[in-house]
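Structure below is input.txt: compact mmCIF, C-alpha atoms.
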# COMPACT_ATOMS: atom_id res chain seq x y z
CA MET N 17 36.84 23.29 -21.82
CA ARG N 18 36.33 24.94 -18.42
CA PRO N 19 34.67 22.61 -15.87
CA MET N 20 31.22 23.52 -14.54
CA ILE N 21 32.64 23.93 -11.01
CA HIS N 22 36.17 25.27 -10.63
CA PRO N 23 38.38 23.66 -7.93
CA VAL N 24 38.69 27.02 -6.19
CA GLU N 25 34.92 27.31 -5.93
CA LEU N 26 34.70 23.77 -4.57
CA PHE N 27 37.45 24.47 -2.03
CA VAL N 28 35.88 27.71 -0.78
CA GLY N 29 32.39 26.21 -0.63
CA LEU N 30 33.58 23.23 1.43
CA ARG N 31 35.75 25.51 3.58
CA TYR N 32 32.71 27.53 4.62
CA LEU N 33 31.17 24.37 6.05
CA ARG N 34 33.79 24.31 8.80
CA ALA N 35 32.82 26.27 11.88
CA LYS N 36 34.74 29.14 13.36
CA ARG N 37 34.28 30.38 16.89
CA ARG N 38 32.19 33.37 15.84
CA THR N 39 29.99 31.27 13.51
CA ARG N 40 29.10 28.45 15.87
CA PHE N 41 25.43 29.47 15.87
CA VAL N 42 25.33 29.25 12.08
CA SER N 43 26.91 25.80 12.27
CA PHE N 44 24.32 24.74 14.85
CA ILE N 45 21.52 25.77 12.47
CA THR N 46 23.32 23.88 9.71
CA LEU N 47 23.38 20.70 11.81
CA VAL N 48 19.70 21.14 12.69
CA SER N 49 18.89 21.51 9.00
CA MET N 50 20.85 18.38 8.14
CA ALA N 51 19.16 16.42 10.94
CA GLY N 52 15.73 17.65 9.86
CA ILE N 53 16.31 16.53 6.29
CA ALA N 54 17.58 13.14 7.47
CA LEU N 55 14.58 12.75 9.81
CA GLY N 56 12.08 13.62 7.09
CA VAL N 57 13.63 11.31 4.52
CA ALA N 58 13.92 8.43 6.99
CA ALA N 59 10.33 8.90 8.18
CA LEU N 60 9.04 8.93 4.60
CA ILE N 61 10.87 5.72 3.73
CA VAL N 62 9.68 3.90 6.87
CA ILE N 63 6.04 5.06 6.61
CA LEU N 64 5.76 4.17 2.92
CA SER N 65 7.37 0.78 3.57
CA VAL N 66 4.88 0.05 6.36
CA MET N 67 1.96 1.11 4.16
CA ASN N 68 3.30 -1.13 1.37
CA GLY N 69 3.33 -3.94 3.91
CA PHE N 70 -0.27 -3.30 4.93
CA GLU N 71 -1.29 -3.14 1.27
CA GLY N 72 0.27 -6.56 0.64
CA GLU N 73 -1.32 -7.94 3.80
CA LEU N 74 -4.73 -6.67 2.73
CA ARG N 75 -4.29 -8.10 -0.76
CA SER N 76 -3.36 -11.54 0.54
CA ARG N 77 -6.29 -11.59 2.97
CA LEU N 78 -8.80 -10.42 0.35
CA LEU N 79 -7.61 -13.07 -2.08
CA SER N 80 -7.56 -15.82 0.54
CA MET N 81 -11.27 -16.45 0.02
CA THR N 82 -11.58 -15.73 -3.67
CA ALA N 83 -9.80 -16.02 -7.00
CA HIS N 84 -7.82 -13.52 -9.05
CA GLY N 85 -10.60 -12.96 -11.61
CA TYR N 86 -13.69 -14.39 -13.24
CA VAL N 87 -15.67 -14.82 -16.45
CA ALA N 88 -19.46 -14.39 -16.40
CA SER N 89 -22.33 -14.00 -18.83
CA ASP N 90 -24.01 -10.69 -19.63
CA ASN N 91 -27.36 -12.47 -19.81
CA GLY N 92 -27.53 -13.82 -16.27
CA ALA N 93 -26.47 -17.40 -15.59
CA LEU N 94 -23.38 -18.81 -17.30
CA GLN N 95 -24.34 -21.97 -19.18
CA ASP N 96 -22.20 -25.07 -19.80
CA TRP N 97 -19.61 -24.06 -17.24
CA GLN N 98 -17.44 -27.13 -17.95
CA ALA N 99 -16.72 -25.89 -21.49
CA VAL N 100 -16.14 -22.33 -20.25
CA ARG N 101 -13.75 -23.63 -17.60
CA GLN N 102 -11.68 -25.46 -20.22
CA ARG N 103 -11.42 -22.29 -22.31
CA VAL N 104 -10.33 -20.33 -19.25
CA LEU N 105 -7.70 -22.95 -18.40
CA ALA N 106 -6.35 -22.67 -21.94
CA GLN N 107 -5.54 -18.96 -21.41
CA ASP N 108 -1.86 -18.18 -20.83
CA GLY N 109 -1.06 -17.50 -17.18
CA VAL N 110 -4.09 -19.33 -15.71
CA LEU N 111 -3.19 -22.05 -13.22
CA ALA N 112 -6.65 -23.21 -12.15
CA ALA N 113 -10.33 -22.40 -12.65
CA THR N 114 -13.50 -23.25 -10.74
CA PRO N 115 -17.25 -22.54 -11.06
CA VAL N 116 -19.14 -20.51 -8.48
CA VAL N 117 -22.79 -19.75 -7.78
CA GLN N 118 -23.27 -16.49 -5.89
CA LEU N 119 -26.44 -15.31 -4.23
CA GLU N 120 -27.45 -13.12 -1.34
CA GLY N 121 -29.79 -13.98 1.48
CA MET N 122 -30.30 -14.05 5.23
CA ILE N 123 -29.14 -16.59 7.77
CA ARG N 124 -31.02 -17.32 10.98
CA THR N 125 -30.65 -19.34 14.11
CA GLY N 126 -33.15 -18.81 16.90
CA THR N 127 -34.02 -15.13 16.82
CA GLU N 128 -30.77 -13.93 15.24
CA LEU N 129 -31.06 -12.89 11.59
CA LYS N 130 -27.95 -11.80 9.65
CA PRO N 131 -27.34 -10.86 6.00
CA VAL N 132 -25.05 -13.25 4.19
CA GLN N 133 -23.29 -13.65 0.85
CA ILE N 134 -23.49 -17.29 -0.30
CA ASP N 135 -20.81 -18.81 -2.52
CA GLY N 136 -21.61 -22.20 -3.98
CA ILE N 137 -18.33 -23.97 -4.80
CA GLU N 138 -17.17 -27.24 -6.26
CA PRO N 139 -14.84 -28.47 -3.47
CA VAL N 140 -12.37 -30.40 -5.65
CA ALA N 141 -11.92 -27.55 -8.14
CA GLU N 142 -11.91 -24.96 -5.36
CA GLU N 143 -8.93 -26.66 -3.73
CA GLY N 144 -6.85 -25.69 -6.76
CA VAL N 145 -7.96 -22.05 -6.73
CA ALA N 146 -8.43 -20.86 -3.15
CA GLY N 147 -8.08 -24.03 -1.12
CA ARG N 148 -4.42 -23.42 -0.30
CA THR N 149 -5.12 -19.94 1.11
CA ILE N 150 -8.42 -20.46 2.97
CA ASN N 151 -7.72 -20.47 6.71
CA LEU N 152 -10.15 -23.14 7.89
CA VAL N 153 -10.45 -23.10 11.67
CA GLU N 154 -12.66 -26.21 11.70
CA GLY N 155 -13.71 -28.65 9.01
CA ARG N 156 -12.57 -29.08 5.39
CA LEU N 157 -13.86 -28.08 1.99
CA ALA N 158 -14.37 -31.76 1.28
CA ASP N 159 -17.03 -31.81 3.99
CA LEU N 160 -19.31 -29.93 1.58
CA GLN N 161 -21.14 -32.76 -0.16
CA ALA N 162 -23.87 -32.34 -2.80
CA GLY N 163 -27.36 -32.76 -1.35
CA GLU N 164 -26.20 -32.98 2.28
CA LYS N 165 -26.90 -29.31 2.96
CA GLY N 166 -23.63 -28.51 4.64
CA VAL N 167 -22.37 -24.94 5.07
CA ILE N 168 -19.11 -23.33 6.16
CA LEU N 169 -19.37 -19.92 7.85
CA GLY N 170 -16.95 -17.17 8.79
CA ARG N 171 -15.73 -17.38 12.36
CA LEU N 172 -17.27 -14.07 13.43
CA LEU N 173 -20.58 -14.83 11.74
CA ALA N 174 -20.78 -18.18 13.55
CA TRP N 175 -19.91 -16.41 16.80
CA ASP N 176 -22.64 -13.80 16.25
CA LEU N 177 -25.15 -16.59 15.59
CA ALA N 178 -23.88 -18.57 18.61
CA VAL N 179 -23.51 -21.78 16.59
CA ALA N 180 -20.83 -24.46 16.55
CA VAL N 181 -19.95 -27.23 14.13
CA GLY N 182 -22.88 -29.67 13.99
CA ASP N 183 -25.52 -27.03 14.74
CA SER N 184 -28.17 -26.12 12.19
CA VAL N 185 -28.92 -22.76 10.64
CA VAL N 186 -31.76 -21.57 8.39
CA LEU N 187 -31.01 -19.81 5.11
CA LEU N 188 -33.56 -17.48 3.54
CA VAL N 189 -32.89 -16.76 -0.14
CA PRO N 190 -35.10 -14.77 -2.54
CA ARG N 191 -35.80 -16.58 -5.82
CA ALA N 192 -37.88 -15.74 -8.87
CA GLY N 193 -41.04 -17.83 -8.94
CA ALA N 194 -43.02 -19.20 -11.89
CA ASN N 195 -45.00 -15.95 -12.16
CA GLY N 196 -41.79 -13.88 -12.25
CA GLN N 197 -42.23 -12.51 -8.75
CA MET N 198 -39.60 -12.96 -6.03
CA GLU N 199 -40.43 -15.63 -3.50
CA PRO N 200 -38.53 -16.48 -0.29
CA VAL N 201 -36.95 -19.92 -0.05
CA LEU N 202 -36.24 -21.29 3.44
CA GLU N 203 -33.92 -24.28 3.96
CA ARG N 204 -32.09 -25.68 6.95
CA PHE N 205 -28.37 -26.34 6.67
CA VAL N 206 -25.83 -27.91 9.00
CA LEU N 207 -22.63 -26.07 9.97
CA VAL N 208 -19.71 -28.32 8.96
CA GLY N 209 -16.81 -25.88 9.29
CA MET N 210 -15.59 -22.34 10.01
CA PHE N 211 -12.93 -20.15 8.41
CA ASP N 212 -11.00 -17.10 9.55
CA ALA N 213 -10.06 -14.92 6.56
CA GLY N 214 -8.88 -11.91 8.58
CA VAL N 215 -11.17 -9.60 6.57
CA GLN N 216 -14.32 -8.41 8.31
CA GLU N 217 -16.40 -8.50 5.13
CA HIS N 218 -15.71 -12.22 4.74
CA ASP N 219 -15.64 -13.29 8.38
CA THR N 220 -18.97 -11.64 9.22
CA GLY N 221 -20.97 -12.15 6.02
CA LEU N 222 -19.80 -15.07 3.85
CA ALA N 223 -21.08 -18.64 3.69
CA LEU N 224 -19.74 -21.51 1.57
CA MET N 225 -21.82 -24.45 0.38
CA HIS N 226 -21.68 -27.05 -2.37
CA LEU N 227 -22.22 -25.84 -5.92
CA GLN N 228 -25.29 -28.01 -6.50
CA ASP N 229 -26.98 -26.89 -3.27
CA ALA N 230 -26.42 -23.22 -4.16
CA ALA N 231 -27.67 -23.76 -7.74
CA ARG N 232 -30.83 -25.39 -6.41
CA LEU N 233 -31.42 -22.47 -4.01
CA ALA N 234 -30.89 -19.99 -6.85
CA GLY N 235 -33.22 -21.91 -9.17
CA LEU N 236 -30.53 -22.51 -11.81
CA ASN N 237 -30.73 -25.27 -14.40
CA ASP N 238 -28.21 -28.10 -14.68
CA GLY N 239 -24.83 -26.80 -15.90
CA GLU N 240 -25.59 -23.17 -15.02
CA VAL N 241 -23.45 -21.15 -12.63
CA SER N 242 -22.91 -17.47 -11.82
CA ALA N 243 -19.29 -17.34 -13.06
CA VAL N 244 -16.06 -19.27 -13.57
CA ARG N 245 -13.23 -17.95 -11.41
CA PHE N 246 -9.54 -18.35 -12.20
CA LEU N 247 -6.21 -18.33 -10.39
CA SER N 248 -3.23 -16.74 -12.16
CA GLY N 249 0.44 -17.55 -11.73
CA ASN N 250 1.16 -13.89 -10.92
CA VAL N 251 -1.43 -11.94 -8.97
CA LEU N 252 -0.34 -8.70 -10.65
CA ALA N 253 -0.92 -10.25 -14.08
CA ALA N 254 -4.62 -10.88 -13.36
CA PRO N 255 -5.83 -7.67 -15.10
CA ALA N 256 -4.02 -8.63 -18.32
CA ILE N 257 -5.41 -12.18 -18.14
CA ALA N 258 -8.93 -10.85 -17.58
CA GLY N 259 -8.50 -8.61 -20.63
CA GLY N 260 -7.33 -11.57 -22.71
CA LEU N 261 -10.34 -13.62 -21.62
CA ARG N 262 -12.65 -10.74 -22.51
CA ASP N 263 -11.21 -10.69 -26.03
CA ALA N 264 -11.28 -14.49 -26.32
CA PHE N 265 -14.94 -14.89 -25.31
CA GLY N 266 -16.20 -11.84 -27.16
CA SER N 267 -19.66 -10.31 -26.83
CA GLY N 268 -22.13 -11.78 -24.40
CA TYR N 269 -19.46 -12.35 -21.75
CA ARG N 270 -17.73 -10.13 -19.24
CA SER N 271 -14.52 -10.58 -17.34
CA SER N 272 -13.08 -8.83 -14.31
CA ASP N 273 -10.24 -9.20 -11.81
CA TRP N 274 -9.44 -8.54 -8.16
CA THR N 275 -8.10 -5.02 -8.78
CA VAL N 276 -11.54 -3.96 -10.05
CA GLU N 277 -13.60 -5.84 -7.48
CA ASN N 278 -11.58 -4.44 -4.56
CA ALA N 279 -10.71 -1.06 -6.08
CA SER N 280 -12.10 0.92 -3.13
CA TYR N 281 -9.74 -0.73 -0.63
CA PHE N 282 -6.59 -0.03 -2.64
CA ARG N 283 -7.76 3.45 -3.66
CA ALA N 284 -8.05 4.30 0.03
CA ILE N 285 -4.52 3.04 0.66
CA ARG N 286 -3.13 5.08 -2.26
CA ILE N 287 -4.83 8.23 -0.92
CA GLU N 288 -3.44 7.57 2.55
CA LYS N 289 0.06 7.06 1.14
CA MET N 290 -0.17 10.29 -0.83
CA MET N 291 -1.39 12.29 2.17
CA MET N 292 1.26 10.83 4.47
CA SER N 293 3.93 11.66 1.89
CA LEU N 294 2.72 15.26 1.65
CA ILE N 295 2.58 15.67 5.43
CA LEU N 296 6.03 14.21 6.03
CA SER N 297 7.45 16.21 3.13
CA LEU N 298 6.74 19.29 5.24
CA VAL N 299 9.51 18.13 7.58
CA ILE N 300 11.96 18.22 4.67
CA GLY N 301 10.53 21.58 3.61
CA VAL N 302 11.11 23.11 7.07
CA ALA N 303 14.68 21.78 7.04
CA ALA N 304 15.18 23.30 3.59
CA PHE N 305 14.06 26.68 4.93
CA ASN N 306 16.67 26.28 7.68
CA ILE N 307 19.27 25.86 4.96
CA VAL N 308 18.11 29.14 3.45
CA ALA N 309 18.37 30.88 6.84
CA SER N 310 21.84 29.50 7.60
CA LEU N 311 23.18 30.42 4.16
CA VAL N 312 21.76 33.93 4.41
CA MET N 313 23.62 34.36 7.70
CA VAL N 314 26.79 32.97 6.12
CA VAL N 315 26.45 35.43 3.24
CA THR N 316 26.01 38.30 5.70
CA ASP N 317 29.02 37.12 7.71
CA LYS N 318 31.20 36.55 4.65
CA THR N 319 30.39 39.80 2.83
CA SER N 320 34.00 41.02 2.96
CA ASP N 321 35.29 37.59 1.89
CA ILE N 322 32.92 37.61 -1.09
CA ALA N 323 34.14 41.09 -2.05
CA ILE N 324 37.76 39.93 -1.93
CA LEU N 325 36.94 36.92 -4.13
CA ARG N 326 35.26 39.26 -6.59
CA THR N 327 38.29 41.58 -6.70
CA LEU N 328 40.54 38.58 -7.29
CA GLY N 329 38.61 37.79 -10.46
CA MET N 330 35.79 35.46 -9.41
CA GLY N 331 32.61 36.29 -11.31
CA PRO N 332 29.05 36.40 -9.97
CA ASN N 333 28.36 32.88 -11.26
CA GLY N 334 31.41 31.63 -9.42
CA VAL N 335 30.09 33.11 -6.18
CA VAL N 336 26.73 31.43 -6.84
CA ARG N 337 28.48 28.09 -7.25
CA VAL N 338 30.44 28.57 -4.00
CA PHE N 339 27.29 28.92 -1.91
CA PHE N 340 25.42 26.35 -3.98
CA ILE N 341 28.15 23.84 -3.07
CA GLN N 342 27.85 24.71 0.61
CA GLY N 343 24.06 24.43 0.71
CA ALA N 344 23.95 21.36 -1.53
CA MET N 345 26.46 19.55 0.69
CA ILE N 346 24.28 20.23 3.74
CA GLY N 347 21.19 18.92 1.94
CA TRP N 348 22.82 15.99 0.27
CA LEU N 349 24.54 14.77 3.43
CA GLY N 350 21.18 14.96 5.19
CA VAL N 351 19.48 13.04 2.38
CA LEU N 352 22.17 10.33 2.34
CA ALA N 353 21.96 9.96 6.13
CA GLY N 354 18.15 9.81 5.96
CA VAL N 355 18.20 7.17 3.22
CA GLY N 356 20.65 5.03 5.21
CA VAL N 357 18.68 5.28 8.45
CA GLY N 358 15.32 4.88 6.70
CA VAL N 359 16.36 1.77 4.78
CA LEU N 360 17.84 0.24 7.95
CA LEU N 361 14.70 0.90 9.98
CA ALA N 362 12.32 -0.21 7.21
CA GLN N 363 14.10 -3.53 6.85
CA ASN N 364 13.94 -4.17 10.61
CA VAL N 365 10.43 -2.93 11.46
CA PRO N 366 9.13 -6.48 12.22
CA THR N 367 12.01 -6.87 14.72
CA LEU N 368 12.08 -3.37 16.21
CA VAL N 369 8.33 -3.04 16.89
CA PRO N 370 8.05 -6.14 19.15
CA ALA N 371 11.16 -4.96 21.02
CA LEU N 372 9.57 -1.53 21.57
CA GLU N 373 6.30 -3.16 22.66
CA ALA N 374 8.15 -5.32 25.19
CA PHE N 375 10.15 -2.33 26.47
CA PHE N 376 7.17 0.01 26.93
CA GLY N 377 4.78 -2.76 27.99
CA PHE N 378 1.94 -2.25 25.52
CA GLN N 379 0.82 -3.66 22.17
CA ILE N 380 0.48 -1.24 19.27
CA MET N 381 -2.11 -3.34 17.44
CA PRO N 382 -3.89 -5.68 19.91
CA GLY N 383 -5.54 -8.76 18.45
CA ASP N 384 -8.94 -8.01 20.03
CA VAL N 385 -9.16 -4.74 18.07
CA TYR N 386 -7.25 -5.29 14.82
CA TYR N 387 -7.11 -8.19 12.37
CA VAL N 388 -3.39 -7.54 11.79
CA THR N 389 -1.43 -7.77 15.05
CA ARG N 390 2.04 -7.18 13.60
CA ILE N 391 3.31 -4.23 11.60
CA PRO N 392 4.52 -5.45 8.19
CA SER N 393 7.09 -3.60 6.09
CA VAL N 394 7.90 -3.95 2.39
CA LEU N 395 10.76 -1.75 1.22
CA GLN N 396 10.50 -0.82 -2.45
CA SER N 397 13.54 0.61 -4.22
CA ARG N 398 11.27 2.83 -6.32
CA ASP N 399 10.03 4.66 -3.22
CA VAL N 400 13.58 5.16 -1.93
CA ILE N 401 14.77 6.55 -5.28
CA ILE N 402 11.81 8.93 -5.64
CA ILE N 403 12.16 10.22 -2.07
CA ALA N 404 15.92 10.71 -2.44
CA ILE N 405 15.62 12.54 -5.77
CA ALA N 406 12.80 14.77 -4.50
CA ALA N 407 14.77 15.66 -1.38
CA PHE N 408 17.92 16.32 -3.44
CA VAL N 409 16.00 18.67 -5.73
CA LEU N 410 14.26 20.48 -2.85
CA THR N 411 17.46 21.09 -0.88
CA SER N 412 19.31 22.17 -4.01
CA LEU N 413 16.60 24.70 -4.85
CA ALA N 414 16.83 26.07 -1.30
CA THR N 415 20.39 27.27 -1.99
CA LEU N 416 19.51 29.43 -5.01
CA TYR N 417 18.23 32.53 -3.19
CA PRO N 418 21.19 32.89 -0.76
CA ALA N 419 23.64 32.12 -3.57
CA ARG N 420 22.12 34.79 -5.84
CA ARG N 421 22.15 37.26 -2.95
CA ALA N 422 25.85 36.59 -2.44
CA ALA N 423 26.49 37.18 -6.14
CA LEU N 424 24.92 40.64 -5.89
CA VAL N 425 27.41 41.85 -3.28
CA ASP N 426 29.17 45.03 -4.51
CA PRO N 427 32.93 44.69 -3.79
CA ALA N 428 33.48 48.45 -3.52
CA SER N 429 30.68 48.94 -0.99
CA ALA N 430 31.66 45.88 1.03
CA LEU N 431 35.36 46.90 1.32
CA ARG N 432 34.80 50.64 1.86
CA TYR N 433 35.32 50.50 5.60
CA GLU N 434 37.66 47.47 5.73
I need this file expressed as structure tokens, please.
Amino acid sequence: MRPMIHPVELFVGLRYLRAKRRTRFVSFITLVSMAGIALGVAALIVILSVMNGFEGELRSRLLSMTAHGYVASDNGALQDWQAVRQRVLAQDGVLAATPVVQLEGMIRTGTELKPVQIDGIEPVAEEGVAGRTINLVEGRLADLQAGEKGVILGRLLAWDLAVAVGDSVVLLVPRAGANGQMEPVLERFVLVGMFDAGVQEHDTGLALMHLQDAARLAGLNDGEVSAVRFLSGNVLAAPAIAGGLRDAFGSGYRSSDWTVENASYFRAIRIEKMMMSLILSLVIGVAAFNIVASLVMVVTDKTSDIAILRTLGMGPNGVVRVFFIQGAMIGWLGVLAGVGVGVLLAQNVPTLVPALEAFFGFQIMPGDVYYVTRIPSVLQSRDVIIIAIAAFVLTSLATLYPARRAALVDPASALRYE
């Protein structure tokens, strides 16, 4: 059986890659094409790795103050939370579970009035769910004692209110009265701690207090909470666990997870990754057009050579394969070089960026502007494989037009004046 590519075709195609004196300009364009492909591939790998790093950083910060999912009642307050918690703990993949009472209100000190999301927690149970990830700047979760009206605020919220640990703040919470109308409830609490989550939504608008204090503010009965939150062994398995809990509890209950609650954040990152990929793919596209231009010039320069090959018995398909080999080698070498450089840079971004900052004397992400002051990078083999395959296909397709043009050369016309 005849091989797909004959050795003669391979030899001629590789031979045309070597520059002669009168084809140095063509070789220069070939090198520019190869460099452009390598640059585009490397840039894609590095950018996607950095965006993967930011996505992981955002996920860890969002989950530092909350759990991976929750179970709640469709009818308002969740009753007998101790029994619900035991059923949640019995689900495969759940490491810990804790009750929470959530309500919205306003917080005031002096003349400052700020909106706030209040989470009532059970400190002992909360230690097993989010206690290991909460970045407490001052105080401890254990300082939240039932009936003592203690509160822990985000660092930026406390700064906006100009309060320190030991100062008092006033919470205003709307609550349904006996006649069914909403009535404001005002209570004074003492600041016993501050946290720094690194997420503006939490640091500027979240307050933690004891479960019983929050239940009393919300007007809940004994044993009633807003939801039972859980911590999974694998953060990416939380959606499956939430689905299993939904099936286990049946009607009257609902379950959700962090991917649903924070869908807008991660949707924005996916859109940004897609747009950056499309923009940087234009670099590879321009380099592919350079391959077309260089091969067209080679075909024009090698017209007599092509005619001689045809007279020696090489068919049109053989001529196509000759120039396909030449163009594919240019593209593939560029892709391989880009993958090597991109992987090397992506793996060393946390080291290279501080070195560049020190050399140029400025900080890319200053701490007074951004929550994240370092540029993270997470290299995923899937991204590298997809980028490499897409670049291989694009550069290979770029060779088809010049190769077909070479195959259409008429030997008699080309050799008439030779």
Check: Using only C-alpha atoms, which of N:Val299, N:Ile391, N:Ser293, N:Leu111 sits nearest N:Ile61?
Finding: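 Among the listed residues, the smallest separation from N:Ile61 belongs to N:Ser293.
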Note to self: Considering only C-alpha atoms, can you say which of N:Arg337, N:Arg171, N:Lys289, N:Arg245 comes closest to N:Gly221?
What the structure shows: N:Arg171
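You can rank N:Met292, N:Val167, N:Val251, N:Ala230 by their closest distance to N:Val117 using only C-alpha atoms, and at the top of that list sits N:Ala230.
Our summary of the geometry notes that atom CA of N:Val215 is positioned 6.7 Å from atom CA of N:Leu78.
Proximity to N:Ala258 was assessed for N:Val276, N:Ala180, N:Ile295, N:Ile150 counting only C-alpha atoms; the smallest distance is recorded for N:Val276.
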Margin query: Just to confirm, what's the straight-line distance from atom CA of N:Ser80 to atom CA of N:Leu169 in Å (one decimal)?
Written below: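 A separation of 14.5 Å between them.
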Item checked: Atomic separation - atom CA of N:Gly126 relative to atom CA of N:Gly170, Å -> 18.2 Å
Item checked: Best match for closeness to N:Ser271 among N:Ala88, N:Leu47, N:Leu64, N:Leu413, counting only C-alpha atoms ->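 Nearest candidate to N:Ser271 out of N:Ala88, N:Leu47, N:Leu64, N:Leu413: N:Ala88.
Considering only C-alpha atoms, the residue among N:Asp96, N:Asp263, N:Asp183, N:Glu164 positioned nearest to N:Asn237 is N:Asp96.
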Margin query: Neighbouring residues of N:Val244 were defined as those with any atom within 12 Å, considering only C-alpha atoms; residues of the same chain fewer than 2 positions away were excluded. Please report them as JSON, numbers by chain.
Written below: {"N": [82, 83, 84, 85, 86, 87, 88, 89, 93, 94, 95, 96, 97, 98, 99, 100, 101, 102, 103, 104, 105, 112, 113, 114, 115, 116, 117, 118, 136, 137, 138, 141, 142, 145, 227, 239, 240, 241, 242, 246, 247, 258, 261, 269, 270, 271, 272, 273]}
Note to self: List as a PyMOL selection string the protein and nucleic acid residues near N:Gly301, meaning an atom at most 10 Å away when only C-alpha atoms are counted, but skip any in the same chain fewer than 6 places from it.
What the structure shows: chain N and resi 49+52-53+56+307+407+410-411+414
